[in-house]
Every structure is written in C-alpha cells, then in structure tokens.
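Enquirer: What follows is a single structure, and I will ask about it in a moment.
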Amino acid sequence: MNKYPEYNPKTIEKKWQDHWDATGCLNALASHDMPKFYNLIEFPYPSGAGLHVGHPRSNTAMDIIARKRRMEGYNVLFPMGYDAFGLPTENFAIKNNVHPAIVTKKNIDHFRTQLKRLGFSFDYSREIDTTDPKYYKWTQWIFLKLFEHGMVFRDKTLVNYCPSCKVVLSNEDSQGGKCDICHGDVVQLPKDVWYLRITKYADKLLEGLETVDYPENIKQQQVNWIGKSTGAFVKFALNGIDESIEIYTTRPDTLFGVTFMVMAPEHPLIDKYADKISNMDQILAYREECAKKTEFERTQLVKDKTGLKIEGLSTVNPLTGKIVPIFISDYVMMGYGTGAIMAVPAHDQRDWEFAKKFGIEIIEVIKGGDIEKEAYTGDGEMVNSDFLNGYTNKKDSIARVLEEIEKKGFGKPGVQYKMKDWAFNRQRYWGEPIPLIHCEKCGTVAVPYEELPLELPEVEDFRPGTDGKSPLAHIESFVNCTCPKCGAPAQRETDTMPQWAGSSWYFLRYCDPHNDNCFASPEELNYWMPVDWYNGGMEHVTRHLLYSRFWHRFLYDIGVVNTPEPYLKRTAQGMILGTDGEKMSKSRGNVINPDDVVDELGADAFRLYEMFMGAFDQAIPWQTDGARGCRRFLDRVWKLMEIMTTDEGISKDMAFDVHTCIKKVSEDYERMKFNTAIAQMMTLVNQMYSKGHVTRGEVKTLIQLLNPVAPHITEEMCELCSFGQELVRMPWPKVDEKALIKDEIEIAVQVNGKVRGRIMVPSTLTRENANEYFMANEEALRMIGTNAPKKLVYVPGRLLNAVV
RNA sequence: GCUGAAGUGGUGGAAUGGCAGACACCGGGGACUUAAAAUCCCCUGCCCUCAAAAGCGUGCGGGUUCGAGUCCCGCCUUCAGCACCA
C-alpha cells in the first residue's frame, strides 16, 4: 500500500514556481529591521540562444546561499536583470530587419521563462534591463557626473579599429590584435576618442583590493592588469641640440651601464629632427614594416630583435657625459612610459639581445652573473659606477642615485601603469547615447540633467556608416540641437557607450529599482550596500570588476554611495565543458540544452547535478549519466516517505549521523563545496535505507538541508508530510554538539606507518594516557606484533602508530 | 617568458600532515518479471591468488617526518590569464 503519490517533477515544480510567483515570498522585504544579505550574480546578456548550462551553475550556487540565508533569518536581496545592450542583438536586428528593442524584449522574456523553470529564488519585482530608458537615464547621469568632475576627456590618438565590425575597440577589447567580437584583425586608426580617466584611480583600485575578500588569483589578476611599477624619469640631452629625451626606468641605479638608447619607431622627436637624420628613408621603411606586423608576429619573434641606428642624432649620459647612440626598435612601445628607454644590456635581457645583434658594448655594473652569456637581473655588488660602487642592495643604490639625479635636476622618481585610460565611445546604435553637445562657441557641453534620459532615436538603418560614424550621425533631428549654455545651434555627440557602461553600476539600481528621482535612495543604499557576496565568471574578473569598482569608487568620492568598495566578497565558478571535455560550442555540436535536461529529469535533478558534478570553481565536463544518478537520488529521497514512522524526533541511533550531516552541509555550502555537501546527504539517505525505517524528524531535517539545492521536491514533501510551515520559512537546522560525541571510536593501528588493523577505543583517550592504555590492550599488541615498540604515537580519534 | 591553478581508479571526483579512492557514474553478478525497462541487493585501484595474506599504488626524482596525495628542493605535463611594460 502506498499512501503517497509518485514523484512527478513536472507537476510539482510548476506548482511551487507558480506559488512563489503568486505570493512573492522570496522577494526582498521592504522593511529594514532584519539584518540584510545582498547576494549577487552577474546579470546575463540575453542572447537569442537562451540559457546555456553554464548560467544555472552560478545561479544555483548563489540560490543555495540565498535560500540558506533566508532560513537563517536574513532579509535577502537576490536580484536578476539583463545586460542587454550589445552587438549580437544589434547584428541580429540588422540581419533580420527588426528593431533591437524588439529582439531584446523577446530574448529577455525567453530568459525569464527559462530561469523560472529552474526555480531560482530571484526577486523578479526588481528586475532591471540596461536598455530601458528608465535605467540608462542613470547610466547617463553617472557619465555626466564623471564629466563634471573632469574624469572625461577627448583625445586624438591611434585607436584599435575593427574594419569588420566598423567599431573602435578598447585595448581590453582587442587583446592580441584580434577583435573581441568577431575575432578579426584589428588595425590602428587615428580618431577622436572619449576617455574615462580610470588611471587616476589606479592607486585607489589597488589599495581597495586589500580591504576585500577576493580569491588570491583574482586579486593578482587585477594587480597585474593595473601593472603599477615604480622607477624614475630621466632626461638625456640630445647631443648638440637644445632638447632632451625623457626615458622611464625602474633601475636608475644602472645608469652607468647605459651603452645605447632605444626609441619606439613612431617617437615624435624623430620627425621633429628629421632634417638632422641622414638615414631617414631607412627609418621610414622600418616604420612601415612594423606597422604591417600583426601583434601575433611581434610576439612570436621575441628573441629576434630588429631595429636600426639613427644616424645624426645621439644623446649624452647625464651622469658620465659619455656619448650614447640612439636606435629605433619595435621592442619599445610608444604606449608605455615615454616611448624611449635607456638600454643597459648587461642587466636587461632584451637590451642584451639587441646589443649582441648590433655589436654594442656591454658594461657590467652589478656583479653576480656572466654577462657574456646573458643579462644578469639579480642583486649584487655595484661596480664601474663611480659613487654607487660597493652598494649591494637594490633599494639603497636606487635611493642614492635618485638623490643625485634630483640634485642635478635631470630626472625625478616616477610611477607607471600598464592600465590605460578607458576608451568610452563606440560607433554603434544599440548603446546608451553619450549625453554631450558640441557647440562651436562653448566647446563640449553637457546635456542638462533634467533632459535625461537622452533617448535613442528611431532610425531606419541600424548599420554603422561606412564613414566610421555612428548611425545616429545620420539623423538630423537628433544631431541638431541648441547649446544649453548659449542657445546657439549645436550638434549632439552621436557615439554611444560601450557595453561595459550599464554593468558598471547595476548592483546599485537593484537596491531601489523603481526610483525616478535618483539612481537609488540613500536609505536603500545604506541598508543594502555593499554587496555581501558576488559570484561570476573568471572572464570578468579583470575588466568588469575593475570598471565597476572604478565607477563605484568615484561615486563614493563624490558622496553619493556609502562604501568605497562595492563587493565584499567575490567568487568565481568554473566552466561546464561538453561531454568530450571541450568548451561547449555550436560548431563542435557538444552543447547541452538546459531545457532538455529539465524535461527529462526535472529542475531539481538538474540543479542537484550541477552542484554535485565537481568542485564549483573548476572546469568540469558534463556527463549525462551523472545527471541521471542525481535524479535517482531524488527518487530515493521521495520514497523515504514510504518507510517513515510517526515519530517526530530523531532516533538515538541516527542522532550522530544526522547531526554530522547538518554540520557538514552547513559548512560546505558556505565554502561552496556543494559536491561534498550533497555526498554527505547521499550517505545519510543510504544509512536510512540500510536501517529500514526513518522518523518524521529525520526526514524533516534532511529536506531542510536539501531544500536550497532542490527546493521543489522538498517543499512538496514538506506539505505531504504536514510538517507545518513551508521550508522557506523554517529556521535552518542547528547542530547538537552533544550528538557528535561517541563513547567509543574506531582507530587504525599502524606499524611504521602501515595499517595492520582497526580497534575500538574510548573517545576520552588522550595522548598522555595512550601508552599505558595500549600496552595493556591485547588486541592492539597482537597487531603490533612481537617486537617491543620503541615508541607509540597516538593521534586521538584517528590512529595509533607503533615504531619498531 | 611571467603570474596563477592543477596532475589521484575505466569516468566525474573525496581526503585540517594521520586508515588514499568518500559520494556518484560506468561495468559485472544476483533478485523481481512471461520478457524488458525501472527498482532492490552484492562486487568493482593494480598485481599474485580458489581464497586469504603479503606486495604495489596519488605525474617524475630527491628530502623532512613516527607517518607525505598533502610540507620542502629539483624537474615534466596540462589549463587559464598576461605578455618585448623598460
């Protein structure tokens, strides 16, 4: 006789999802009385393909934390939204001749449906969409604040331009000379670009890292990205001309070892003194050669230095007065430091290779290596260096030489960053319009705050012009306006913001998403911020994390947010690979569709498998059979109701196992060790079955622990068993420490580290009284053997090791 | 090249310096069934065995320790990020 129905995920999952929707019981509470917990996952880009199996990994993990926190008595903010501006949507719109806004809405609706099918406890009432004018009004507002505070500037420089996408890319978006969007080759074009002065915040972004809880590797990546180095700027006078070349070096103490100088091929001083240079034609030819090289070729030939000497120009070493020849080479970049270096071949491998190739003198100034074989970059005693001779410590010798340099006035200490200012405009339609106006008389003028949002105009053609201008540039009614300052006719900026803009502050909007007077009220910000726990992908730990920390820090500095750092804790999930162990991709045909898995096994089994498959932060291949195993486990959990007694408590002989499980699961969820937490629950269920029956109290505890991972089946069981209230509202189970203490425990008996057997010993046995106990224990002595042990090592509760 | 992470059964993976392989998948055997599926029970690192015992086992070579997958030194391999950054 079976008094409970069959486990049918389809019906019960729908039932509970509808229930959560209707009651809003998982939404954040308006009241500020309870302690808060702000739990954030990166909001997705709503692509036409819908959810892939990677989204639920991050979502389920944080859903587990959110659900657990609610049971622990927190007011939880666990929001969801869409980062919907961007090229794929725009390209789809162009190809199919529909408005990007329509595509976006359709995609978002599809995403939401899929997310709801998986039972995530998002607060959908706070949903945001970066393409909604009510949202991007505030993106533009923040931009204007940046403009107002001098954080926006325009500069004509070489930009990374993708001829295929017809768009200017940031350095970040064109890594390795390839376009981040279409992976085609990027070319260098001169262009007017709006920059955000992120470099001004480099030090603050570095310092902030010390106050937050990020994994070491993520911090390291941010540090590397910022790439701060300390050194000195030194001026070398041009021989015979009233002009000097400034170089940047981290080792000013090697100045006596300088035997040549290298300039980037594009260095402007070359053009300025072209009339003095006798081999200008060769130089121009070399420049052209360099411009043709792709980034890939440049890096492949790291060892093979090219370049040539500038005939007719030379400089003077400011410390020794010696004449120093100048070379050009593409291993020196215009974009870092000053575009010129002092070369010390004895102590820099690149300079060494260049010197060897061009037969330039190599002067040792630090003892310790063999400079005939390679450059020596280690520490050592200074030689051939006049007043620096005898110094053995890098720090001291640098301090000494800086003192000399500053006294004589040809240089100063300085700092350099690898990070560049953030190129902030794109020639695209589907982005936030940049709210600036060009007036002939007043220059660049901000759109008045009260005119925000500056909405995207309707256009007939979303395609960027072949002139490299944004589609907005062709709409006269948008472009032509009057200057807010002087009232004269003026033109609007027609470029739009990059996709990173909307995601740089979205976590603030979630705090107060429907506010029309400000991006979020101070009361809501003070209550909810900072984000307590932010999870996302490794691919976003440099750019997105840095950009959003930068904006947030700026907003803190102008007094509109209450914390310097937006995220207290950051974690990152690993990727889910195809069954073949390769990255999932349409072209490989190894893509797993979450809908199919939910159809076959149910959302709970799907969630359970994604958490059980392996360590959360590592890349793991998908195994469909593994997912089926998780469904089997849920079937077994369901059928526990068939062997359930009427006892409300936890039976004596199960107390240890149940409380071990509570402890393990509680701790492992917090450490994101979801796989071992689930394994522990599987163990508990196996024990319940081998015992043959289970109490109501035991089932209740189990489903409380399992609820964050598999919310539907557990709520349904809770209702069928009439445990009173919904699990959502039940407090998280507490560990009874007394139940974890056993009278006797099994330990291993080892001889010289090899296991010989197992015995039961009292749990109260300590290291101190172990010797006496074991020398009188026949069982133990038999395992140890006839030889009298030299020494007994007892590890309480674990093992006894006899050294013979 | 630099930085970071990782190498454990047929597979995914467990293991505060303390019984390696938890938990699961696959595979094998059995029960139930007219039969199959599902379900339930048992076995399942390698080697030698009827079996047990012994032996061997965490990428490779050393070391520290009563005891090393874990710590130290030197390599190899894989993945990720950065890459001539002066």
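Naming scheme: A, B, ... for chains in displayed order of the structure tokens; residues 1 onward per chain; ligands 1 onward as shown.
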Taking only C-alpha atoms (C1' of nucleotides) into account, which residues of chain A are within 8 Å of chain B, as JSON, numbers by chain?
Expert: {"A": [217, 220, 221, 224, 225, 248, 249, 250, 299, 302, 331, 332, 336, 337, 341, 342, 350, 418, 613, 614, 620, 621, 623, 625, 626, 629, 676, 678, 679, 680, 682, 683, 747, 748, 752, 753, 755, 791, 792, 793, 795, 798, 799, 801, 802, 803]}
Enquirer: Since we have the selection now, will you write its residues out, keeping N, CA and C atoms, as a compact mmCIF listing (two decimals), in the first residue's frame?
Expert:
```txt
# COMPACT_ATOMS: atom_id res chain seq x y z
N ASN A 217 43.96 34.63 -6.63
CA ASN A 217 44.26 34.70 -8.07
C ASN A 217 43.50 35.86 -8.73
N GLN A 220 45.32 38.98 -7.82
CA GLN A 220 46.55 39.01 -8.60
C GLN A 220 46.29 39.50 -10.03
N GLN A 221 45.21 39.03 -10.61
CA GLN A 221 44.89 39.44 -11.98
C GLN A 221 44.61 40.93 -12.06
N ASN A 224 47.94 42.72 -11.71
CA ASN A 224 48.69 42.64 -12.97
C ASN A 224 48.10 43.56 -14.02
N TRP A 225 46.78 43.64 -14.04
CA TRP A 225 46.12 44.46 -15.04
C TRP A 225 46.47 45.93 -14.84
N TYR A 248 61.89 56.36 -19.17
CA TYR A 248 61.41 55.83 -17.89
C TYR A 248 62.19 54.55 -17.60
N THR A 249 62.66 54.41 -16.37
CA THR A 249 63.38 53.19 -15.99
C THR A 249 63.02 52.79 -14.57
N THR A 250 63.00 51.46 -14.33
CA THR A 250 62.79 51.00 -12.96
C THR A 250 64.14 50.80 -12.26
N THR A 299 54.98 39.05 -31.27
CA THR A 299 55.26 38.29 -30.06
C THR A 299 55.96 36.97 -30.37
N VAL A 302 60.01 37.20 -30.31
CA VAL A 302 60.53 37.92 -29.16
C VAL A 302 62.06 37.94 -29.11
N TYR A 331 60.73 46.81 -30.14
CA TYR A 331 60.52 46.24 -28.80
C TYR A 331 60.27 47.35 -27.79
N VAL A 332 60.40 48.58 -28.21
CA VAL A 332 59.99 49.70 -27.36
C VAL A 332 58.68 50.25 -27.92
N TYR A 336 53.80 52.94 -23.69
CA TYR A 336 54.17 52.72 -22.29
C TYR A 336 55.36 53.60 -21.95
N GLY A 337 55.37 54.13 -20.76
CA GLY A 337 56.45 55.01 -20.34
C GLY A 337 56.51 56.22 -21.25
N ILE A 341 63.78 54.27 -24.10
CA ILE A 341 64.41 53.64 -22.93
C ILE A 341 65.92 53.88 -22.97
N MET A 342 66.51 53.83 -21.77
CA MET A 342 67.96 53.75 -21.70
C MET A 342 68.28 52.25 -21.69
N ARG A 350 66.42 41.93 -22.94
CA ARG A 350 66.05 42.45 -24.27
C ARG A 350 67.15 43.35 -24.81
N LYS A 418 50.45 49.86 -16.40
CA LYS A 418 50.16 49.23 -17.69
C LYS A 418 48.75 49.62 -18.13
N MET A 613 28.50 17.75 -9.59
CA MET A 613 29.41 17.24 -10.60
C MET A 613 30.88 17.42 -10.26
N GLY A 614 31.21 18.37 -9.44
CA GLY A 614 32.61 18.53 -9.08
C GLY A 614 32.84 19.84 -8.36
N ILE A 620 34.50 21.50 -15.55
CA ILE A 620 34.08 20.10 -15.44
C ILE A 620 33.33 19.69 -16.70
N PRO A 621 33.64 18.51 -17.25
CA PRO A 621 32.84 18.03 -18.38
C PRO A 621 31.48 17.51 -17.94
N GLN A 623 28.35 15.08 -17.82
CA GLN A 623 28.12 13.64 -18.02
C GLN A 623 26.64 13.38 -17.80
N ASP A 625 24.96 10.70 -17.76
CA ASP A 625 24.67 9.61 -16.81
C ASP A 625 24.78 10.09 -15.36
N GLY A 626 25.69 11.04 -15.13
CA GLY A 626 25.84 11.58 -13.79
C GLY A 626 24.57 12.31 -13.37
N GLY A 629 21.99 9.94 -12.28
CA GLY A 629 22.27 9.44 -10.94
C GLY A 629 21.68 10.38 -9.89
N THR A 676 30.54 17.96 -1.90
CA THR A 676 30.71 17.13 -0.70
C THR A 676 29.51 17.26 0.23
N ILE A 678 26.43 17.47 -0.80
CA ILE A 678 25.45 16.55 -1.37
C ILE A 678 25.85 15.10 -1.10
N ALA A 679 27.14 14.81 -1.21
CA ALA A 679 27.63 13.45 -0.92
C ALA A 679 27.25 13.04 0.50
N GLN A 680 27.34 14.00 1.42
CA GLN A 680 27.01 13.69 2.81
C GLN A 680 25.52 13.37 2.96
N MET A 682 23.68 12.10 0.60
CA MET A 682 23.51 10.78 -0.02
C MET A 682 23.87 9.69 0.98
N THR A 683 24.97 9.91 1.70
CA THR A 683 25.39 8.95 2.71
C THR A 683 24.30 8.76 3.75
N ILE A 747 39.76 3.33 15.59
CA ILE A 747 41.01 3.93 15.12
C ILE A 747 41.80 2.88 14.34
N ALA A 748 42.75 3.32 13.57
CA ALA A 748 43.62 2.41 12.83
C ALA A 748 44.86 2.14 13.65
N ASN A 752 55.01 1.21 11.88
CA ASN A 752 55.87 2.00 10.98
C ASN A 752 55.06 2.64 9.85
N GLY A 753 53.89 3.10 10.18
CA GLY A 753 53.09 3.82 9.19
C GLY A 753 52.25 2.96 8.29
N VAL A 755 49.14 0.24 7.89
CA VAL A 755 47.94 -0.17 8.63
C VAL A 755 47.93 -1.69 8.83
N LYS A 791 58.40 3.21 20.33
CA LYS A 791 57.64 4.41 20.59
C LYS A 791 56.22 4.19 20.09
N LEU A 792 55.23 4.73 20.80
CA LEU A 792 53.85 4.69 20.34
C LEU A 792 53.37 6.11 20.09
N VAL A 793 52.86 6.36 18.88
CA VAL A 793 52.30 7.68 18.57
C VAL A 793 50.80 7.52 18.46
N VAL A 795 47.27 9.43 17.81
CA VAL A 795 46.56 10.63 17.37
C VAL A 795 45.11 10.43 17.76
N ARG A 798 42.04 9.05 15.72
CA ARG A 798 42.46 8.74 14.36
C ARG A 798 43.21 7.42 14.28
N LEU A 799 44.40 7.38 14.91
CA LEU A 799 45.21 6.18 14.75
C LEU A 799 46.28 6.05 15.81
N ASN A 801 50.24 4.65 15.91
CA ASN A 801 51.36 4.21 15.10
C ASN A 801 52.46 3.71 16.01
N ALA A 802 52.85 2.44 15.82
CA ALA A 802 53.92 1.85 16.62
C ALA A 802 55.21 1.88 15.82
N VAL A 803 56.25 2.45 16.40
CA VAL A 803 57.55 2.48 15.73
C VAL A 803 58.37 1.34 16.29
```
Enquirer: Could you write out, as a PDB file with C-alpha atoms, in the first residue's frame, all the residues of stretch 512-567 of chain A that DSSP marks as alpha helix (DSSP H)?
Expert:
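Writing the result to out-v5.pdb gives the following:
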```pdb
ATOM      1  CA  PRO A 522      20.404  56.925   0.275  1.00  0.00           C
ATOM      2  CA  GLU A 523      18.226  54.958   2.722  1.00  0.00           C
ATOM      3  CA  GLU A 524      18.113  51.911   0.454  1.00  0.00           C
ATOM      4  CA  LEU A 525      21.801  52.192  -0.414  1.00  0.00           C
ATOM      5  CA  ASN A 526      22.778  52.489   3.238  1.00  0.00           C
ATOM      6  CA  TYR A 527      20.782  49.406   4.076  1.00  0.00           C
ATOM      7  CA  TRP A 528      21.725  47.112   1.188  1.00  0.00           C
ATOM      8  CA  ARG A 543      37.555  44.278 -16.940  1.00  0.00           C
ATOM      9  CA  HIS A 544      34.045  44.284 -15.491  1.00  0.00           C
ATOM     10  CA  LEU A 545      35.291  44.027 -11.924  1.00  0.00           C
ATOM     11  CA  LEU A 546      37.775  46.841 -12.407  1.00  0.00           C
ATOM     12  CA  TYR A 547      35.380  49.119 -14.274  1.00  0.00           C
ATOM     13  CA  SER A 548      32.583  48.708 -11.756  1.00  0.00           C
ATOM     14  CA  ARG A 549      34.961  49.184  -8.831  1.00  0.00           C
ATOM     15  CA  PHE A 550      36.199  52.342 -10.546  1.00  0.00           C
ATOM     16  CA  TRP A 551      32.692  53.819 -11.023  1.00  0.00           C
ATOM     17  CA  HIS A 552      31.687  52.884  -7.533  1.00  0.00           C
ATOM     18  CA  ARG A 553      34.789  54.416  -6.029  1.00  0.00           C
ATOM     19  CA  PHE A 554      34.147  57.601  -7.998  1.00  0.00           C
ATOM     20  CA  LEU A 555      30.545  57.710  -6.739  1.00  0.00           C
ATOM     21  CA  TYR A 556      31.884  57.234  -3.222  1.00  0.00           C
ATOM     22  CA  ASP A 557      34.318  60.118  -3.669  1.00  0.00           C
TER      23      ASP A 557
END
```
Enquirer: Find the distance between atom CA of A:Ile142 and atom CA of A:Ala202 and write it in Å to one decimal.
Expert: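 Pair atom CA of A:Ile142 / atom CA of A:Ala202 returns 19.3 Å.
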Enquirer: Kindly indicate which residue among B:A38, B:G17, B:U8, B:G30 lies nearest to B:U65, using only C-alpha atoms (C1' of nucleotides) for the distances.
Expert: B:G17
Enquirer: Closest to A:Lys738 among A:Ala655, A:Ala61, A:Ala49, A:Val531, using only C-alpha atoms?
Expert: A:Ala655
Enquirer: Taking only C-alpha atoms into account, which of A:Cys165, A:Ala572, A:Val749, A:Ala93 comes nearest A:Ile41?
Expert: A:Ala572
Enquirer: Leaving out stretch 726-737 of chain A and any residue of its chain fewer than 4 positions from it, which residues lie within 9 Å of it when counting only C-alpha atoms (C1' of nucleotides), given as a list in words?
Expert: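 My reading of the contact set: Cys25, Leu26, Arg67, Lys68, Arg69, Arg70, Met71, Glu72, Gly73, Ala655, Val658, His659, Thr660, Cys661, Ile662, Lys663, Ser666, Thr701, Ile703, Gln704, Leu705, Asn707, Pro711, Thr714, Glu715, Cys718, Glu719 and Ile741 of chain A.
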Enquirer: Could you jot down the atom CA of A:Arg631 to atom CA of A:His55 separation for me, Å, one decimal place?
Expert: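 Those two atoms sit 20.1 Å apart.
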Enquirer: Could you list, as a VMD selection string, every residue within 8 Å of A:Ala615, counting only C-alpha atoms (C1' of nucleotides) and ignoring same-chain residues fewer than 6 positions away?
Expert: chain A and resid 673 to 675
Enquirer: Based on the selection just made, write N, CA, C and O atoms of those residues as a CSV table (one decimal), in the first residue's frame.
Expert:
```csv
chain,number,residue,atom,x,y,z
A,673,LYS,N,31.5,24.1,-1.3
A,673,LYS,CA,31.8,22.7,-1.6
A,673,LYS,C,30.5,21.9,-1.7
A,673,LYS,O,30.2,21.1,-0.8
A,674,PHE,N,29.7,22.3,-2.7
A,674,PHE,CA,28.4,21.8,-2.8
A,674,PHE,C,28.5,20.3,-3.1
A,674,PHE,O,27.6,19.5,-2.6
A,675,ASN,N,29.5,19.8,-3.8
A,675,ASN,CA,29.6,18.4,-4.1
A,675,ASN,C,29.7,17.5,-2.9
A,675,ASN,O,29.1,16.5,-2.8
```
